[in-house]
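Undergrad: Before I ask anything, here is the structure I am working with.
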Amino acid sequence: MMMNIRKITQLEYYKFRHYRPFLVILGLYVFCFILAGFSIKSLLDWFLDKQQDDNILKHFVESGIPLFDFVDIWQNLGWLATIFKWIPAFVIIISVTLEYSQKTIKQNIIDGLSKKEFLASKVALVGVISAGSALLLLFLGLFLGLLYSPVKGLPYIMEHIEFVAAYGLEVFVFLCMALFAAFWIQKSGVTIILFLLYTACIEPITTAILHYNYKWEVWYFPVEAINLIIRVPFQKYALEFVHDQIALRDVFISLGWAGIFIGLSYWLLKRRDL
Amino acid sequence: MNDIILQTEQLTKRFSKRILAVDGLDLQIPKGQVFGLLGPNGSGKTTTLGMILGVVSRTKGSYNWFGEGDDYKLRKRIGAILEQPNFYPFLSARQNLIVHSRIKDIRKPDIDGLLKMVGLFERSNDPFKTYSLGMKQRLAIASAMLADPEVLIFDEPTNGLDPQGIAEIRQLILNIRDMNKTIVMASHLLDEVQKVCSHFAVLRKGKKIYSGSVKEALESTNSVSVSADNTAMLIQTISSCPGVVSVERDGDVLKLQIDDTCSVAAINTYLVEHKVPVNYIQQKKSSLEEKFLEILKESDHSLKTLHNLPA
């Protein structure tokens, strides 16, 4: 059975292009993203300026932190942008729970949409927002890199540009998780609170305890796996311990979680009466 | 050429061990019929419609649209509203209809025409959430008509409306009926079914306890009122008229119960032949309400006799 991709994407567009809260949140996302990008440098300068008497930091100031240097910039920005992925997650949660609260999902099905198509239209929205986020990172990186980086050749720009795609993947998997939460709980307020609690509190604390106290491997937990796609880049400036590659294991685990979240959403949708 | 629009076989929905919402329902709705699904609140009307529209899963049984099965794509040929009108509150009537037409794969929907038909053209660019209930219901009818569907399904279409709103919605449904569309309408308002429908089925606790045409249901309990100047003569003559089951005197008027072989015309002819001039004769149609109560009573009775049967 072929699904009409154009139809399901258009459908989401028609539904939400006039929904102001939706547009405002997405606008805020873009705004925060860009604002953060432009303020990192001044924040850092200010911070280092205040700590002049610290010898180690002083060393860094003199050599300059290569935050925006090409090659490094993609991983640095990608990791910093991680924090913003909650904003589009709320957009996804609102878009799904609104269909339940207004019973428009029921009317959609009555009108002749299959449950599979309905889910696909939401996954399409997730895909578009993820791709948009990656593009945003790409433009921001290019702009800041060309502004501050001491090296500017195309080969330098292209090296490690896969971190842009990795960021897109990270947002995609995270939004799939939000999608599942929304299909599961169906009420916007409760979903947002529980999603926030789980992703920012419950799982990080649980995995930390399991990892440090009981020596568990925790890379297969969903939020952990999503966060591992782009590893913390800054150790390399202080320590010799470097994670400047994307590990295929993390990519596959994340993709697996995306599949599980979409599959579970479909299962819930199929099983429940509307 | 298959003229059956909808057929259900042993359609059953069990919500839990104790709640059997629909119990082995068989329905057959031919093309062109205006079918009323009648029953008190909680009798399984909405659940039945939910099942045939794919939003409520079946426990057992099957349904078949247009003789082609139960695929979701067939629903694009149906215009249906269940319970409340459900639209995107922040979109205008026009934008909502665009979403609907996208789902139904309609390339060039006649949105202006439909909005004019339901009298919403002037307000078509205001958000849905600013509409009154009557306007929402009218928009729902417009959206149901969007695909120029073969069959329309209305669930309690006048529920919660004021008298003017009820009159408007009824007129719209009558107009749609006159376009030769098949209509399935669930209602607990007998008067509504009597005014609009050609056929009906009565549901009670998820079971179909009666089905037939509205006309037959009303005629089968026909009584005729007759009066003449000479009442004594009339009584004498009429008693021997074939087809008259009983005669009852009510002042100057006689109330007759007649059977299926008899008609008002036959009585009139008979009386003229026997030289009893009549000055008043009228066939009194019973209302569906009487019939409905009678059906419910019968079903109560049959249930009781069923329970009285020795094990």
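Just remember, in the structure tokens the first chain shown is A, the second B, etc., residues are 1-based per chain, and ligands are 1-based in the order shown.
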Can you tell me, as a ChimeraX atom specification, what residues are no more than 10 Å from stretch 70-75 of chain A when counting only C-alpha atoms, ignoring any on the same chain fewer than 2 positions away?

TA: /A:66-68,77-81,137-138,140-142,144-146,148-167,230-234,243-246

Undergrad: Can I get the selection written as a CSV table (one decimal), in the first residue's frame, with C-alpha atoms?

TA:
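And here is the file that came out, selection.csv:
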```
chain,number,residue,atom,x,y,z
A,66,PRO,CA,38.5,27.1,19.4
A,67,LEU,CA,34.8,27.0,19.9
A,68,PHE,CA,33.9,28.4,16.5
A,77,LEU,CA,27.3,23.9,18.3
A,78,GLY,CA,25.4,20.6,17.8
A,79,TRP,CA,26.0,19.7,21.4
A,80,LEU,CA,25.0,23.2,22.7
A,81,ALA,CA,21.9,23.1,20.6
A,137,LEU,CA,22.3,24.5,12.8
A,138,LEU,CA,24.0,24.4,9.4
A,140,LEU,CA,24.2,29.2,12.2
A,141,GLY,CA,27.5,27.2,12.0
A,142,LEU,CA,28.4,28.6,8.6
A,144,LEU,CA,29.6,31.9,13.0
A,145,GLY,CA,32.4,29.9,11.5
A,146,LEU,CA,33.0,32.3,8.6
A,148,TYR,CA,35.3,33.7,13.8
A,149,SER,CA,37.2,30.7,12.5
A,150,PRO,CA,40.8,31.3,11.7
A,151,VAL,CA,40.7,28.6,8.9
A,152,LYS,CA,38.0,28.9,6.3
A,153,GLY,CA,38.6,26.5,3.4
A,154,LEU,CA,35.9,24.2,2.1
A,155,PRO,CA,37.6,21.0,3.2
A,156,TYR,CA,37.7,22.3,6.7
A,157,ILE,CA,34.0,23.3,6.6
A,158,MET,CA,33.1,19.9,5.2
A,159,GLU,CA,35.1,17.9,7.8
A,160,HIS,CA,32.8,16.6,10.5
A,161,ILE,CA,29.8,18.3,8.9
A,162,GLU,CA,28.0,15.0,9.6
A,163,PHE,CA,27.4,16.4,13.1
A,164,VAL,CA,24.7,18.6,11.4
A,165,ALA,CA,22.9,15.4,10.3
A,166,ALA,CA,23.5,13.9,13.7
A,167,TYR,CA,21.7,16.9,15.3
A,230,ILE,CA,26.6,14.0,19.8
A,231,ARG,CA,29.1,13.5,22.7
A,232,VAL,CA,30.3,16.3,25.0
A,233,PRO,CA,33.0,18.0,22.9
A,234,PHE,CA,34.7,20.1,25.5
A,243,HIS,CA,35.1,11.9,21.5
A,244,ASP,CA,35.0,13.6,18.1
A,245,GLN,CA,33.3,10.8,16.2
A,246,ILE,CA,29.8,9.7,15.9
```

Undergrad: Using only C-alpha atoms, find which residues of chain A lie within 7 Å of chain B and jot them down as a short mmCIF file (atom, residue, chain, number, x, y, z; two decimals) with N, CA and C atoms, in the first residue's frame.

TA:
```
data_model
loop_
_atom_site.label_atom_id
_atom_site.label_comp_id
_atom_site.auth_asym_id
_atom_site.auth_seq_id
_atom_site.Cartn_x
_atom_site.Cartn_y
_atom_site.Cartn_z
N LEU A 11 -1.52 17.99 4.59
CA LEU A 11 -2.58 17.96 5.58
C LEU A 11 -2.14 18.67 6.87
N TYR A 14 -1.95 22.42 6.25
CA TYR A 14 -3.25 23.08 6.25
C TYR A 14 -3.82 23.19 7.66
N LYS A 15 -3.53 22.17 8.47
CA LYS A 15 -4.09 22.16 9.82
C LYS A 15 -3.47 23.26 10.69
N HIS A 18 -2.29 28.19 10.40
CA HIS A 18 -2.96 29.36 10.98
C HIS A 18 -3.07 29.28 12.49
N TYR A 19 -2.43 28.31 13.09
CA TYR A 19 -2.56 28.13 14.54
C TYR A 19 -1.47 28.93 15.24
N GLN A 102 -9.96 18.09 20.65
CA GLN A 102 -11.00 18.63 19.76
C GLN A 102 -11.71 17.53 18.98
N LYS A 103 -11.31 16.29 19.23
CA LYS A 103 -11.88 15.11 18.54
C LYS A 103 -11.73 15.20 17.03
N THR A 104 -10.78 16.00 16.57
CA THR A 104 -10.61 16.09 15.12
C THR A 104 -9.98 14.82 14.57
N LYS A 106 -10.85 11.89 15.41
CA LYS A 106 -12.00 11.03 15.14
C LYS A 106 -12.65 11.42 13.80
N GLN A 107 -12.81 12.74 13.62
CA GLN A 107 -13.44 13.20 12.39
C GLN A 107 -12.54 12.89 11.18
N ILE A 109 -10.61 10.32 10.80
CA ILE A 109 -10.79 8.90 10.48
C ILE A 109 -12.14 8.68 9.81
N ILE A 110 -13.18 9.33 10.35
CA ILE A 110 -14.51 9.20 9.75
C ILE A 110 -14.51 9.70 8.31
N ASP A 111 -13.75 10.76 8.07
CA ASP A 111 -13.71 11.33 6.73
C ASP A 111 -12.96 10.47 5.73
N GLY A 112 -12.26 9.45 6.21
CA GLY A 112 -11.63 8.54 5.27
C GLY A 112 -10.12 8.51 5.31
N LEU A 113 -9.53 8.99 6.43
CA LEU A 113 -8.09 8.86 6.60
C LEU A 113 -7.87 7.55 7.37
N SER A 114 -6.82 6.80 7.02
CA SER A 114 -6.57 5.60 7.82
C SER A 114 -5.75 6.01 9.04
N ASP A 273 -10.29 2.73 20.83
CA ASP A 273 -11.41 3.36 20.13
C ASP A 273 -11.27 4.86 20.26
N LEU A 274 -11.78 5.58 19.26
CA LEU A 274 -11.65 7.04 19.30
C LEU A 274 -12.93 7.68 19.83
#
```

Undergrad: Separation of atom CA of B:Ser198 and atom CA of B:Glu294, in Å?

TA: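 Interatomic distance, atom CA of B:Ser198 to atom CA of B:Glu294: 19.3 Å.
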
Undergrad: For a quick check of understanding, using only C-alpha atoms, which of B:Glu68, B:Asp148, B:Glu168, B:Asp23 has the smallest distance to B:Ile5?

TA: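 Result for the nearest residue to B:Ile5: B:Glu68.
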
Undergrad: Tell me which protein, DNA and RNA residues are within 10 Å of A:Ala181, counting only C-alpha atoms, leaving out same-chain ones fewer than 4 positions away, and put them as a ChimeraX atom specification.

TA: /A:92-93,96-97,175-177,185-188,190-192,194-195,261,264-265

Undergrad: What lies within 8 Å of B:Thr46 using only C-alpha atoms, ignoring chain neighbours under 5 positions off, as a PDB file with N, CA, C and O atoms, in the first residue's frame?

TA:
```pdb
ATOM      1  N   LEU B  82     -20.500  12.443  13.744  1.00  0.00           N
ATOM      2  CA  LEU B  82     -20.839  11.684  14.948  1.00  0.00           C
ATOM      3  C   LEU B  82     -20.915  12.624  16.134  1.00  0.00           C
ATOM      4  O   LEU B  82     -19.985  13.381  16.383  1.00  0.00           O
ATOM      5  N   GLU B  83     -21.991  12.544  16.889  1.00  0.00           N
ATOM      6  CA  GLU B  83     -22.190  13.362  18.087  1.00  0.00           C
ATOM      7  C   GLU B  83     -22.005  14.845  17.785  1.00  0.00           C
ATOM      8  O   GLU B  83     -22.806  15.453  17.105  1.00  0.00           O
ATOM      9  N   ASP B 155     -25.875  11.916  13.389  1.00  0.00           N
ATOM     10  CA  ASP B 155     -26.104  11.364  14.716  1.00  0.00           C
ATOM     11  C   ASP B 155     -26.697  12.454  15.593  1.00  0.00           C
ATOM     12  O   ASP B 155     -26.015  13.410  15.934  1.00  0.00           O
ATOM     13  N   ALA B 186     -29.412   8.748  13.288  1.00  0.00           N
ATOM     14  CA  ALA B 186     -29.707   8.226  14.622  1.00  0.00           C
ATOM     15  C   ALA B 186     -30.421   9.308  15.404  1.00  0.00           C
ATOM     16  O   ALA B 186     -30.060  10.479  15.307  1.00  0.00           O
TER      17      ALA B 186
END
```

Undergrad: Restricting the calculation to only C-alpha atoms, which member of B:Leu120, B:Leu174, B:Cys241, B:Ala217 is positioned closest to B:Thr269?

TA: B:Cys241

Undergrad: Pick out the residues sitting within 12 Å of A:Ala258, and hand them over as an MDAnalysis selection string; count only C-alpha atoms, and ignore anything fewer than 2 positions along from it in its own chain.

TA: chainID A and resid 123 126:127 169:180 222:223 225:226 251:256 260:265

Undergrad: Residues at most 10 Å from B:Arg94, counting only C-alpha atoms, excluding those fewer than 5 positions away in the same chain, as a list in words?

TA: Val99, His100, Ile111, Asp112, Leu115, Leu120, Phe121, Arg123, Ser124, Asn125, Asp126, Pro127, Phe128, Leu139 and Ser143 of chain B

Undergrad: Write out as a list in words the residues lying within 7 Å of stretch 201-212 of chain B, counting only C-alpha atoms and excluding same-chain residues fewer than 2 positions away.

TA: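 Once the adjacent positions are removed, what remains is Ala21, Val22, Asp23, Gly24, Leu25, Gly36, Leu37, Leu38, Gly39, Ser43, Gly44, His199, Val214, Ala217 and Ser299 of chain B.
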
Undergrad: Could you check which of B:Phe292, B:Phe154, B:Tyr63, B:Tyr131 is closest to B:Leu11, using only C-alpha atoms?

TA: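 Smallest separation from B:Leu11 among the options: B:Tyr63.
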
Undergrad: When distances are computed from only C-alpha atoms, which of A:Thr206, A:Met3, A:Ile25, A:Ala36 shows the smallest separation from A:Ile83?

TA: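 Of the candidates, the smallest distance to A:Ile83 is held by A:Ala36.
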
Undergrad: Given the choices B:Ile258, B:Thr59, B:Gly67, B:Leu161, which gets closest to B:Gln137 if the distance is worked out from only C-alpha atoms?

TA: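 Smallest separation from B:Gln137 among the options: B:Leu161.
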
Undergrad: If you run DSSP over the backbone, which residues in stretch 21-262 of chain A end up alpha helix (DSSP H)? Put them as number ranges by chain.

TA: A: 21-50, 55-63, 72-81, 86-101, 104-110, 115-148, 154-158, 162-185, 188-197, 203-214, 222-229, 235-238, 248-262

Undergrad: Out of stretch 132-298 of chain B, which residues get strand (DSSP E) from DSSP, as a ChimeraX atom specification?

TA: /B:151-155,182-187,199-204,207-213,223-228,244-250,253-258,278-284

Undergrad: Output C-alpha atoms for every residue in the selection just made, as a compact mmCIF listing (two decimals), in the first residue's frame.

TA:
```txt
# COMPACT_ATOMS: atom_id res chain seq x y z
CA VAL B 151 -24.72 8.36 1.75
CA LEU B 152 -24.93 10.73 4.71
CA ILE B 153 -24.86 9.82 8.36
CA PHE B 154 -26.24 12.11 11.03
CA ASP B 155 -26.10 11.36 14.72
CA THR B 182 -29.30 7.86 1.12
CA ILE B 183 -29.40 9.06 4.71
CA VAL B 184 -28.83 7.21 7.96
CA MET B 185 -29.94 9.18 10.97
CA ALA B 186 -29.71 8.23 14.62
CA SER B 187 -32.17 9.93 16.89
CA HIS B 199 -37.63 3.53 7.19
CA PHE B 200 -36.53 2.94 10.72
CA ALA B 201 -35.20 0.39 13.17
CA VAL B 202 -35.64 0.47 16.90
CA LEU B 203 -32.67 -0.37 19.11
CA ARG B 204 -32.96 -1.31 22.72
CA LYS B 207 -30.61 -5.22 20.15
CA LYS B 208 -32.76 -4.48 17.14
CA ILE B 209 -36.31 -5.01 18.30
CA TYR B 210 -38.15 -3.68 15.27
CA SER B 211 -37.50 -2.54 11.75
CA GLY B 212 -39.75 -1.53 8.90
CA SER B 213 -41.03 1.42 6.94
CA SER B 223 -58.19 3.88 13.14
CA VAL B 224 -60.91 5.70 11.24
CA SER B 225 -63.36 8.25 12.58
CA VAL B 226 -66.80 8.42 10.96
CA SER B 227 -69.96 10.32 11.71
CA ALA B 228 -73.38 10.58 10.08
CA VAL B 244 -63.89 -3.44 10.20
CA VAL B 245 -62.52 -5.01 13.33
CA SER B 246 -64.17 -2.99 16.04
CA VAL B 247 -66.55 -0.10 16.48
CA GLU B 248 -66.50 2.26 19.39
CA ARG B 249 -68.85 5.15 19.97
CA ASP B 250 -67.51 8.45 21.13
CA VAL B 253 -68.37 10.06 16.18
CA LEU B 254 -67.65 6.38 15.68
CA LYS B 255 -64.09 5.14 16.05
CA LEU B 256 -63.34 2.16 13.88
CA GLN B 257 -60.39 -0.15 13.92
CA ILE B 258 -59.81 -1.60 10.48
CA VAL B 278 -71.55 10.29 5.80
CA ASN B 279 -70.79 13.84 6.87
CA TYR B 280 -67.36 13.16 8.30
CA ILE B 281 -64.79 10.47 7.67
CA GLN B 282 -61.10 10.62 8.44
CA GLN B 283 -58.30 8.19 8.76
CA LYS B 284 -56.43 8.86 11.94
```

Undergrad: One decimal, Å: what's the distance from atom CA of A:Arg249 over to atom CA of A:Ile202, could you say?

TA: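 So the answer is 23.6 Å.
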